[in-house]
Protein chains: 4
Amino acid sequence: MTRQERAAQRREAILEAAAHTFTQKGYSGASIKDIAEAAEVADGTIYNYFTNKEALLLALFDRLVAADQVGDRLTAALDTDVDTFIAGYFGAHLARVRENYDLFRAVIPEILATPDLRDRYYQGFVAPLLRAAEDHLHKRSDVHPVDGEQMARVLYALFFGLLSLRILGDEAIQPGEETDARLLATIQQLFTQGLAAD
Amino acid sequence: MTRQERAAQRREAILEAAAHTFTQKGYSGASIKDIAEAAEVADGTIYNYFTNKEALLLALFDRLVAADQVGDRLTAALDTDVDTFIAGYFGAHLARVRENYDLFRAVIPEILATPDLRDRYYQGFVAPLLRAAEDHLHKRSDVHPVDGEQMARVLYALFFGLLSLRILGDEAIQPGEETDARLLATIQQLFTQGLAAD
Amino acid sequence: MTRQERAAQRREAILEAAAHTFTQKGYSGASIKDIAEAAEVADGTIYNYFTNKEALLLALFDRLVAADQVGDRLTAALDTDVDTFIAGYFGAHLARVRENYDLFRAVIPEILATPDLRDRYYQGFVAPLLRAAEDHLHKRSDVHPVDGEQMARVLYALFFGLLSLRILGDEAIQPGEETDARLLATIQQLFTQGLAAD
Amino acid sequence: MTRQERAAQRREAILEAAAHTFTQKGYSGASIKDIAEAAEVADGTIYNYFTNKEALLLALFDRLVAADQVGDRLTAALDTDVDTFIAGYFGAHLARVRENYDLFRAVIPEILATPDLRDRYYQGFVAPLLRAAEDHLHKRSDVHPVDGEQMARVLYALFFGLLSLRILGDEAIQPGEETDARLLATIQQLFTQGLAAD
DNA sequence: TATGAATGAGCATTCATTCAT
DNA sequence: TATGAATGAATGCTCATTCAT
């Protein structure tokens, strides 16, 4: 193992420890000492890999955003029907959350609570996603005429709200293949039929 | 103005200042000094009205939960059609958020970020709401057969997600009568027709 | 009851409350609020009778010193034998302590702990007492030749030490007529015979 | 100098600074900042060595109690005559006080003033000492028949009272070999002959 | 590079004192 | 004179960050 590899591994261990600790105690409640202990390194070592505590959060944030880059897939999805589109779209999102659950639980709360992250997340992730979604809805021919601006927000709200409900601890939708499948089916049903019977 | 009235007013001013300051800087980032300055009182005065900093957050939390008590209206809404039901339901929620926007912006982020509040909110508010919604869906005859457990969560997620999007600063859905009306129409459309055209 | 009498009564009640509270929690540990509650007056009222918290302690201190003025009795006691002298001397002291026990318990600890009171007590009470005792021992003809300076200190030490032991809570010498009588007899025996049998 | 040695030295410096500052201003009057300045360390450093301010006082208290463990010597002293016994006993006590004067001056006042320390001191130190002294007096054959319970208390009172007089600042018995020798001689005289001449 | 002791700014909280009523 | 709400200085303690080893 090269020096670089060892360094990368340490960095990884620290980030994982940070994610875990932030999830348990929140960003403010987690001390560098807590994280260092969880990562089994000394306090000072963390500063060899990250400039400060905030940088840990930002690194996690960047991972989260990277993990959930979906905007670019929207354009490519125009030629599928609504059902397939929703399945692909939400399905991918659910899979990402499943694979990076600690990351999401650690970062999402702080995104809402921290003005700086709030803006970063909105500008860098949400706004482009909303624009892409509006655009997509506009171009689709197989949907009812909708208020694209608002419907895009409804779509995003579902994403974020379900994630929040998981973070709140609701057991019925903790990530897992089976749960995600049922959830996806319900969402598909809503988008293809609505809720009301004729 | 009686002594009691003045005290009530002070308490109110302090709570408003706390809400405002928490919104700006987050709970941890807001110092008692910040809040005292915003309320135009001395630091110590706050402690004549609240036991400690946490009590400020809890008082705001209690208000939020009180402001959004919707679960009890669910049972009464069985005899309306889906369209009216959704309108009444989300409409009421949107109105509450509109009237208490500062409160929601201050408290919602902390609910996700603070393990203690998280549980309090889930057990005291979300869980009952989900149970009521599941029950309601079960009893309605004018809806498609649905996975009630999951659909209840989808409904709640819409609530919470839209609120989050507002907190994130999205301008297209900042609270306001007109915006809320458009949003409500979009939600109604989704629940009655779905998104996909036949 | 005249206005003056009522005021004097209040002052008395406050001082007693202060003595009691200082005894329970120590001077620093006792808050003005504590004392006000014990005296059943409002915080502010205390300041109509005493300039500040320290003044409460000083007033108690003055009472203690006044209650235990023994120095002047020393000169008058030259013409009694040692036994009677010791009996009169310690007996009077023990009686004073018995009658003002709360006062002593409240003030004595603070005398040792507070530099200011320390000096005040030593200069105003202890030093004169020691001088008088030295002088008295010098003049007595019915005692062994002694190191008057040191013996005076031994006498005072007995006073103060017994008081301290009471404050420490020792049950065998809590003030009371019977206990005081036994204690006095023991002291008399020590001073007339010593401890060692021939 | 190893890391451990340096740490031990620091701890020592902090404790000495605490003893000194407590002596000057009393426990409550001494701030952590005061102590840190006296020890020439930063405020926070103190907390690397002691849990909190109270722990400083308790550490000093433990040292004082350890420094003055005399009870166990009582049993061994039965086979000496009263004179030698008193000499050995008080002599040892005086030597301990001389060698740890700062410690005694810092802690003794707080023992009386702090309910918690009061109990700790009485139960852990005074009560055993009194029991041992009573027992010792009971077993000795070369003393006058005495009220052992009360005489034990008289003995302890002398200890404590002399210490208090030193703390009060009396110059004639500030610790020192010569003073201690004179004091000891006076005490011996009292216990062997009494004060009264035949 | 890793360590962890030292640092000191920052903050929640207390409480003696004031003063308008 | 009595009240008790308001004040704000003071303080114990935490913890992110630095740096000598």
# chains A, B, ... in the order shown; residues from 1 in each chain; ligands from 1
$ residues_around --residues "Ala19 of chain C" --least-positions-apart "5" --cutoff "8 Å" --atoms "only C-alpha atoms (C1' of nucleotides)" --output "PyMOL selection string"
chain C and resi 60+102-103+106-107
$ write_last_selection --atoms "C-alpha atoms" --output "mmCIF file, in the first residue's frame"
data_model
loop_
_atom_site.group_PDB
_atom_site.id
_atom_site.type_symbol
_atom_site.label_atom_id
_atom_site.label_comp_id
_atom_site.auth_asym_id
_atom_site.auth_seq_id
_atom_site.Cartn_x
_atom_site.Cartn_y
_atom_site.Cartn_z
ATOM 1 C CA LEU C 60 -24.416 39.041 62.015
ATOM 2 C CA ASP C 102 -27.555 29.765 64.608
ATOM 3 C CA LEU C 103 -25.541 32.928 64.708
ATOM 4 C CA ALA C 106 -23.561 31.071 60.248
ATOM 5 C CA VAL C 107 -20.676 33.401 60.986
#
$ calpha_fit_and_write --fixed "chain C" --moving "chain B" --output "tab-separated table (two decimals) with C-alpha atoms, in the first residue's frame"
chain	number	residue	atom	x	y	z
B	1	MET	CA	-47.46	48.09	67.03
B	2	THR	CA	-45.74	51.23	65.85
B	3	ARG	CA	-44.09	51.60	62.49
B	4	GLN	CA	-40.69	51.52	64.15
B	5	GLU	CA	-41.47	48.29	65.94
B	6	ARG	CA	-42.60	46.65	62.74
B	7	ALA	CA	-39.44	47.79	61.02
B	8	ALA	CA	-37.30	46.39	63.83
B	9	GLN	CA	-39.14	43.11	63.59
B	10	ARG	CA	-38.61	42.92	59.86
B	11	ARG	CA	-34.94	43.64	60.26
B	12	GLU	CA	-34.76	40.89	62.81
B	13	ALA	CA	-36.57	38.44	60.57
B	14	ILE	CA	-34.22	39.20	57.70
B	15	LEU	CA	-31.15	38.74	59.87
B	16	GLU	CA	-32.43	35.46	61.18
B	17	ALA	CA	-33.20	34.29	57.69
B	18	ALA	CA	-29.73	35.31	56.60
B	19	ALA	CA	-28.12	33.43	59.49
B	20	HIS	CA	-30.13	30.38	58.68
B	21	THR	CA	-29.40	30.50	54.98
B	22	PHE	CA	-25.69	31.20	55.45
B	23	THR	CA	-25.54	28.19	57.75
B	24	GLN	CA	-27.18	25.96	55.15
B	25	LYS	CA	-25.32	27.10	52.06
B	26	GLY	CA	-22.48	29.30	53.16
B	27	TYR	CA	-22.29	33.00	52.46
B	28	SER	CA	-21.41	32.70	48.78
B	29	GLY	CA	-23.81	29.87	48.19
B	30	ALA	CA	-26.72	31.78	49.67
B	31	SER	CA	-28.47	34.06	47.21
B	32	ILE	CA	-30.43	37.12	48.19
B	33	LYS	CA	-33.44	35.33	46.75
B	34	ASP	CA	-32.85	32.44	49.15
B	35	ILE	CA	-32.67	34.78	52.10
B	36	ALA	CA	-35.70	36.76	50.99
B	37	GLU	CA	-37.72	33.59	50.68
B	38	ALA	CA	-36.63	32.41	54.12
B	39	ALA	CA	-37.60	35.78	55.56
B	40	GLU	CA	-40.83	35.79	53.57
B	41	VAL	CA	-40.16	39.17	52.02
B	42	ALA	CA	-39.40	40.28	48.48
B	43	ASP	CA	-35.81	40.53	47.31
B	44	GLY	CA	-35.94	44.28	47.21
B	45	THR	CA	-37.17	44.57	50.76
B	46	ILE	CA	-33.86	43.36	52.08
B	47	TYR	CA	-32.25	46.42	50.56
B	48	ASN	CA	-34.55	48.66	52.56
B	49	TYR	CA	-32.84	47.35	55.67
B	50	PHE	CA	-29.32	46.54	54.57
B	51	THR	CA	-27.04	48.21	52.07
B	52	ASN	CA	-26.00	44.99	50.39
B	53	LYS	CA	-25.36	41.33	50.94
B	54	GLU	CA	-22.10	41.97	52.72
B	55	ALA	CA	-23.87	44.23	55.20
B	56	LEU	CA	-25.99	41.26	56.25
B	57	LEU	CA	-22.90	39.28	57.09
B	58	LEU	CA	-21.33	42.21	58.89
B	59	ALA	CA	-24.46	42.81	60.96
B	60	LEU	CA	-24.37	39.16	62.01
B	61	PHE	CA	-20.68	39.44	62.71
B	62	ASP	CA	-21.22	42.46	64.93
B	63	ARG	CA	-23.85	40.57	66.88
B	64	LEU	CA	-21.53	37.64	67.35
B	65	VAL	CA	-18.74	39.80	68.64
B	66	ALA	CA	-21.13	41.66	70.91
B	67	ALA	CA	-22.57	38.38	72.16
B	68	ASP	CA	-19.19	37.04	73.13
B	69	GLN	CA	-17.53	39.98	74.78
B	70	VAL	CA	-15.59	38.24	77.51
B	71	GLY	CA	-12.28	40.06	77.63
B	72	ASP	CA	-13.51	42.64	80.09
B	73	ARG	CA	-14.51	40.02	82.60
B	74	LEU	CA	-10.99	38.70	82.80
B	75	THR	CA	-9.63	41.42	85.03
B	76	ALA	CA	-12.45	41.11	87.49
B	77	ALA	CA	-11.82	37.38	87.84
B	78	LEU	CA	-8.38	37.56	89.40
B	79	ASP	CA	-9.60	37.14	92.95
B	80	THR	CA	-11.31	33.80	92.36
B	81	ASP	CA	-9.46	30.49	92.38
B	82	VAL	CA	-8.54	28.79	89.10
B	83	ASP	CA	-11.41	26.37	89.29
B	84	THR	CA	-14.02	29.09	89.73
B	85	PHE	CA	-12.33	31.22	87.14
B	86	ILE	CA	-12.38	28.52	84.48
B	87	ALA	CA	-15.97	27.67	85.35
B	88	GLY	CA	-17.06	31.27	85.06
B	89	TYR	CA	-15.11	31.88	81.98
B	90	PHE	CA	-15.89	28.88	79.83
B	91	GLY	CA	-19.34	28.64	81.36
B	92	ALA	CA	-20.22	32.10	80.14
B	93	HIS	CA	-18.82	31.35	76.73
B	94	LEU	CA	-20.77	28.12	76.46
B	95	ALA	CA	-23.96	29.90	77.50
B	96	ARG	CA	-23.47	32.57	74.83
B	97	VAL	CA	-22.92	29.95	72.18
B	98	ARG	CA	-26.01	28.07	73.35
B	99	GLU	CA	-28.17	31.17	73.15
B	100	ASN	CA	-26.86	32.31	69.79
B	101	TYR	CA	-26.07	29.05	68.15
B	102	ASP	CA	-27.51	29.97	64.74
B	103	LEU	CA	-25.47	33.12	64.76
B	104	PHE	CA	-22.24	31.31	65.50
B	105	ARG	CA	-22.85	28.60	62.94
B	106	ALA	CA	-23.50	31.21	60.29
B	107	VAL	CA	-20.63	33.53	60.99
B	108	ILE	CA	-17.69	31.51	62.29
B	109	PRO	CA	-17.06	29.70	59.00
B	110	GLU	CA	-17.09	32.94	57.07
B	111	ILE	CA	-14.67	34.49	59.51
B	112	LEU	CA	-12.07	31.92	58.56
B	113	ALA	CA	-12.93	31.97	54.89
B	114	THR	CA	-13.07	35.72	54.28
B	115	PRO	CA	-9.79	37.66	54.53
B	116	ASP	CA	-11.63	40.85	55.45
B	117	LEU	CA	-13.65	39.31	58.26
B	118	ARG	CA	-10.62	37.37	59.38
B	119	ASP	CA	-8.74	40.60	60.11
B	120	ARG	CA	-11.73	42.29	61.62
B	121	TYR	CA	-12.29	39.40	63.98
B	122	TYR	CA	-8.66	38.98	64.89
B	123	GLN	CA	-7.95	42.64	65.50
B	124	GLY	CA	-11.26	43.46	67.12
B	125	PHE	CA	-11.84	40.39	69.21
B	126	VAL	CA	-9.09	37.78	69.34
B	127	ALA	CA	-6.08	40.01	69.82
B	128	PRO	CA	-7.58	41.93	72.77
B	129	LEU	CA	-8.73	38.67	74.30
B	130	LEU	CA	-5.26	37.16	73.99
B	131	ARG	CA	-3.65	40.23	75.50
B	132	ALA	CA	-6.08	40.17	78.42
B	133	ALA	CA	-5.51	36.47	78.95
B	134	GLU	CA	-1.72	36.81	78.90
B	135	ASP	CA	-1.98	39.64	81.37
B	136	HIS	CA	-4.29	37.66	83.58
B	137	LEU	CA	-2.01	34.62	83.61
B	138	HIS	CA	0.88	36.84	84.47
B	139	LYS	CA	-0.84	38.27	87.49
B	140	ARG	CA	-2.29	35.09	88.94
B	141	SER	CA	-0.22	33.62	91.77
B	142	ASP	CA	-2.03	30.33	92.07
B	143	VAL	CA	-0.92	28.78	88.78
B	144	HIS	CA	2.18	26.91	87.72
B	145	PRO	CA	4.71	29.13	86.00
B	146	VAL	CA	3.66	29.02	82.37
B	147	ASP	CA	4.57	30.37	78.98
B	148	GLY	CA	1.77	32.95	79.14
B	149	GLU	CA	1.84	33.79	75.46
B	150	GLN	CA	1.38	30.19	74.41
B	151	MET	CA	-1.04	29.27	77.21
B	152	ALA	CA	-3.32	32.17	76.27
B	153	ARG	CA	-3.45	30.75	72.78
B	154	VAL	CA	-4.18	27.28	74.10
B	155	LEU	CA	-7.11	28.70	76.03
B	156	TYR	CA	-8.49	30.52	73.02
B	157	ALA	CA	-7.96	27.46	70.85
B	158	LEU	CA	-10.14	25.43	73.18
B	159	PHE	CA	-12.92	27.99	72.80
B	160	PHE	CA	-12.73	28.13	69.09
B	161	GLY	CA	-12.06	24.45	68.55
B	162	LEU	CA	-15.06	23.34	70.56
B	163	LEU	CA	-17.21	25.75	68.64
B	164	SER	CA	-15.86	24.38	65.38
B	165	LEU	CA	-16.55	20.84	66.46
B	166	ARG	CA	-20.14	21.80	67.09
B	167	ILE	CA	-20.34	23.40	63.68
B	168	LEU	CA	-18.92	20.23	62.18
B	169	GLY	CA	-22.01	18.52	63.52
B	170	ASP	CA	-20.56	16.35	66.28
B	171	GLU	CA	-23.60	15.15	68.16
B	172	ALA	CA	-21.88	14.56	71.48
B	173	ILE	CA	-21.31	18.25	72.02
B	174	GLN	CA	-24.25	19.94	70.42
B	175	PRO	CA	-25.15	22.84	72.71
B	176	GLY	CA	-27.48	22.06	75.59
B	177	GLU	CA	-27.38	22.52	79.31
B	178	GLU	CA	-26.45	18.98	80.13
B	179	THR	CA	-23.78	18.65	77.47
B	180	ASP	CA	-22.32	22.00	78.43
B	181	ALA	CA	-22.17	20.93	82.07
B	182	ARG	CA	-20.28	17.75	81.25
B	183	LEU	CA	-17.97	19.60	78.93
B	184	LEU	CA	-17.31	22.24	81.52
B	185	ALA	CA	-16.51	19.61	84.14
B	186	THR	CA	-14.02	17.99	81.80
B	187	ILE	CA	-12.33	21.29	81.07
B	188	GLN	CA	-12.16	22.11	84.75
B	189	GLN	CA	-10.60	18.78	85.47
B	190	LEU	CA	-8.00	19.35	82.79
B	191	PHE	CA	-7.06	22.73	84.13
B	192	THR	CA	-6.91	21.75	87.77
B	193	GLN	CA	-5.36	18.29	87.58
B	194	GLY	CA	-4.15	17.80	84.05
B	195	LEU	CA	-4.80	14.54	82.39
B	196	ALA	CA	-2.01	12.42	83.79
B	197	ALA	CA	-2.48	10.70	87.12
B	198	ASP	CA	0.44	11.05	89.47
$ residues_around --residues "DC19 of chain E" --least-positions-apart "5" --cutoff "12 Å" --atoms "only C-alpha atoms (C1' of nucleotides)" --output "short mmCIF file (atom, residue, chain, number, x, y, z; two decimals) with N, CA and C atoms (P, O5', C5', C4', C3', O3' and C1' of nucleotides), in the first residue's frame"
data_model
loop_
_atom_site.label_atom_id
_atom_site.label_comp_id
_atom_site.auth_asym_id
_atom_site.auth_seq_id
_atom_site.Cartn_x
_atom_site.Cartn_y
_atom_site.Cartn_z
N GLY C 44 -36.08 43.02 46.95
CA GLY C 44 -35.78 44.44 47.07
C GLY C 44 -35.91 44.96 48.49
N TYR C 47 -32.93 45.37 50.70
CA TYR C 47 -32.06 46.52 50.48
C TYR C 47 -32.58 47.80 51.13
P DT F 3 -42.92 42.97 50.33
"O5'" DT F 3 -42.90 43.23 48.78
"C5'" DT F 3 -44.15 43.46 48.10
"C4'" DT F 3 -43.88 43.72 46.64
"C3'" DT F 3 -43.04 42.64 45.95
"O3'" DT F 3 -43.87 41.91 45.08
"C1'" DT F 3 -42.39 44.85 45.32
P DG F 4 -43.65 40.36 44.90
"O5'" DG F 4 -43.00 40.34 43.46
"C5'" DG F 4 -43.48 41.19 42.43
"C4'" DG F 4 -42.41 41.36 41.38
"C3'" DG F 4 -41.49 40.14 41.19
"O3'" DG F 4 -41.00 40.12 39.84
"C1'" DG F 4 -40.19 41.92 41.78
P DA F 5 -41.68 39.24 38.78
"O5'" DA F 5 -41.37 40.07 37.44
"C5'" DA F 5 -42.08 41.28 37.21
"C4'" DA F 5 -41.20 42.25 36.43
"C3'" DA F 5 -40.37 41.60 35.32
"O3'" DA F 5 -40.30 42.53 34.25
"C1'" DA F 5 -38.92 42.58 36.92
P DA F 6 -39.42 42.20 32.98
"O5'" DA F 6 -38.09 43.01 33.27
"C5'" DA F 6 -38.16 44.42 33.37
"C4'" DA F 6 -36.77 45.00 33.40
"C3'" DA F 6 -35.81 44.41 32.35
"O3'" DA F 6 -35.14 45.47 31.69
"C1'" DA F 6 -34.89 44.19 34.55
P DT F 7 -34.03 45.13 30.63
"O5'" DT F 7 -32.71 45.21 31.50
"C5'" DT F 7 -32.45 46.38 32.26
"C4'" DT F 7 -31.19 46.21 33.05
"C3'" DT F 7 -30.01 45.68 32.24
"O3'" DT F 7 -29.01 46.68 32.20
"C1'" DT F 7 -30.21 44.56 34.34
#
$ interface_residues --of "chain E" --to "chain C" --cutoff "12 Å" --atoms "only C-alpha atoms (C1' of nucleotides)" --output "short mmCIF file (atom, residue, chain, number, x, y, z; two decimals) with N, CA, C and O atoms (P, O5', C5', C4', C3', O3' and C1' of nucleotides), in the first residue's frame"
data_model
loop_
_atom_site.label_atom_id
_atom_site.label_comp_id
_atom_site.auth_asym_id
_atom_site.auth_seq_id
_atom_site.Cartn_x
_atom_site.Cartn_y
_atom_site.Cartn_z
P DT E 14 -28.87 29.23 35.89
"O5'" DT E 14 -28.06 30.17 36.90
"C5'" DT E 14 -26.71 29.85 37.18
"C4'" DT E 14 -26.13 30.93 38.05
"C3'" DT E 14 -27.05 31.43 39.15
"O3'" DT E 14 -26.26 31.52 40.33
"C1'" DT E 14 -26.33 33.26 37.82
P DC E 15 -26.92 31.63 41.76
"O5'" DC E 15 -26.82 33.19 42.06
"C5'" DC E 15 -25.60 33.85 41.74
"C4'" DC E 15 -25.76 35.33 41.96
"C3'" DC E 15 -26.88 35.69 42.95
"O3'" DC E 15 -26.46 36.83 43.67
"C1'" DC E 15 -27.29 36.74 40.90
P DA E 16 -26.73 36.91 45.22
"O5'" DA E 16 -26.17 38.36 45.54
"C5'" DA E 16 -24.82 38.66 45.21
"C4'" DA E 16 -24.71 40.08 44.68
"C3'" DA E 16 -25.32 41.15 45.58
"O3'" DA E 16 -24.50 42.31 45.49
"C1'" DA E 16 -26.44 41.15 43.50
P DT E 17 -24.78 43.52 46.44
"O5'" DT E 17 -25.69 44.45 45.52
"C5'" DT E 17 -25.13 44.91 44.30
"C4'" DT E 17 -26.19 45.62 43.49
"C3'" DT E 17 -27.05 46.66 44.24
"O3'" DT E 17 -26.82 47.91 43.61
"C1'" DT E 17 -28.38 45.34 42.82
P DT E 18 -27.49 49.22 44.15
"O5'" DT E 18 -28.52 49.57 42.99
"C5'" DT E 18 -28.13 49.36 41.65
"C4'" DT E 18 -29.29 49.64 40.71
"C3'" DT E 18 -30.14 50.87 41.08
"O3'" DT E 18 -30.43 51.55 39.87
"C1'" DT E 18 -31.53 48.97 40.94
P DC E 19 -30.94 53.05 39.90
"O5'" DC E 19 -32.49 52.89 39.56
"C5'" DC E 19 -32.90 52.02 38.50
"C4'" DC E 19 -34.42 51.94 38.47
"C3'" DC E 19 -35.13 53.18 39.04
"O3'" DC E 19 -36.34 53.34 38.33
"C1'" DC E 19 -35.78 51.31 40.25
#
$ closest_atom_pairs --of "chain F" --to "chain A" --cutoff "12 Å" --atoms "only C-alpha atoms (C1' of nucleotides)" --output "JSON lines"
{"residue": "F:DT14", "atom": "C1'", "partner": "A:Ser31", "partner_atom": "CA", "distance": 9.8}
{"residue": "F:DC15", "atom": "C1'", "partner": "A:Ser31", "partner_atom": "CA", "distance": 7.1}
{"residue": "F:DA16", "atom": "C1'", "partner": "A:Ile32", "partner_atom": "CA", "distance": 7.4}
{"residue": "F:DT17", "atom": "C1'", "partner": "A:Asn52", "partner_atom": "CA", "distance": 8.0}
{"residue": "F:DT18", "atom": "C1'", "partner": "A:Gly44", "partner_atom": "CA", "distance": 8.7}
{"residue": "F:DC19", "atom": "C1'", "partner": "A:Gly44", "partner_atom": "CA", "distance": 9.7}
$ write_last_selection --atoms "N, CA, C and O atoms (P, O5', C5', C4', C3', O3' and C1' of nucleotides)" --output "PDB file, in the first residue's frame"
ATOM      1  P    DT F  14     -16.997  21.373  30.770  1.00  0.00           P
ATOM      2  O5'  DT F  14     -17.063  21.982  29.295  1.00  0.00           O
ATOM      3  C5'  DT F  14     -18.254  22.586  28.862  1.00  0.00           C
ATOM      4  C4'  DT F  14     -18.131  22.958  27.406  1.00  0.00           C
ATOM      5  C3'  DT F  14     -17.508  21.874  26.530  1.00  0.00           C
ATOM      6  O3'  DT F  14     -18.236  21.880  25.314  1.00  0.00           O
ATOM      7  C1'  DT F  14     -16.222  23.855  26.376  1.00  0.00           C
ATOM      8  P    DC F  15     -18.160  20.661  24.306  1.00  0.00           P
ATOM      9  O5'  DC F  15     -17.203  21.239  23.179  1.00  0.00           O
ATOM     10  C5'  DC F  15     -17.379  22.597  22.775  1.00  0.00           C
ATOM     11  C4'  DC F  15     -16.242  22.983  21.861  1.00  0.00           C
ATOM     12  C3'  DC F  15     -15.572  21.807  21.160  1.00  0.00           C
ATOM     13  O3'  DC F  15     -15.208  22.236  19.867  1.00  0.00           O
ATOM     14  C1'  DC F  15     -13.963  22.983  22.359  1.00  0.00           C
ATOM     15  P    DA F  16     -15.406  21.277  18.649  1.00  0.00           P
ATOM     16  O5'  DA F  16     -14.743  22.135  17.497  1.00  0.00           O
ATOM     17  C5'  DA F  16     -15.254  23.436  17.232  1.00  0.00           C
ATOM     18  C4'  DA F  16     -14.127  24.396  16.896  1.00  0.00           C
ATOM     19  C3'  DA F  16     -13.209  23.927  15.772  1.00  0.00           C
ATOM     20  O3'  DA F  16     -12.850  25.073  15.011  1.00  0.00           O
ATOM     21  C1'  DA F  16     -11.942  24.167  17.759  1.00  0.00           C
ATOM     22  P    DT F  17     -12.014  24.885  13.701  1.00  0.00           P
ATOM     23  O5'  DT F  17     -10.523  25.098  14.214  1.00  0.00           O
ATOM     24  C5'  DT F  17     -10.201  26.346  14.835  1.00  0.00           C
ATOM     25  C4'  DT F  17      -8.801  26.298  15.384  1.00  0.00           C
ATOM     26  C3'  DT F  17      -7.734  25.730  14.445  1.00  0.00           C
ATOM     27  O3'  DT F  17      -6.775  26.757  14.245  1.00  0.00           O
ATOM     28  C1'  DT F  17      -7.462  24.907  16.643  1.00  0.00           C
ATOM     29  P    DT F  18      -5.541  26.574  13.302  1.00  0.00           P
ATOM     30  O5'  DT F  18      -4.315  26.540  14.330  1.00  0.00           O
ATOM     31  C5'  DT F  18      -4.340  27.424  15.437  1.00  0.00           C
ATOM     32  C4'  DT F  18      -3.163  27.169  16.341  1.00  0.00           C
ATOM     33  C3'  DT F  18      -1.842  26.872  15.636  1.00  0.00           C
ATOM     34  O3'  DT F  18      -0.825  27.557  16.351  1.00  0.00           O
ATOM     35  C1'  DT F  18      -2.352  25.100  17.090  1.00  0.00           C
ATOM     36  P    DC F  19       0.569  27.833  15.696  1.00  0.00           P
ATOM     37  O5'  DC F  19       1.528  26.812  16.451  1.00  0.00           O
ATOM     38  C5'  DC F  19       1.427  26.668  17.867  1.00  0.00           C
ATOM     39  C4'  DC F  19       2.314  25.525  18.325  1.00  0.00           C
ATOM     40  C3'  DC F  19       3.505  25.235  17.407  1.00  0.00           C
ATOM     41  O3'  DC F  19       4.570  24.759  18.219  1.00  0.00           O
ATOM     42  C1'  DC F  19       2.198  23.326  17.559  1.00  0.00           C
TER      43       DC F  19
END
$ atom_distance --atom1 "atom C1' of DT7 of chain E" --atom2 "atom C1' of DA10 of chain F"
21.4 Å
$ atom_distance --atom1 "atom C1' of DA6 of chain E" --atom2 "atom C1' of DT11 of chain F"
20.8 Å
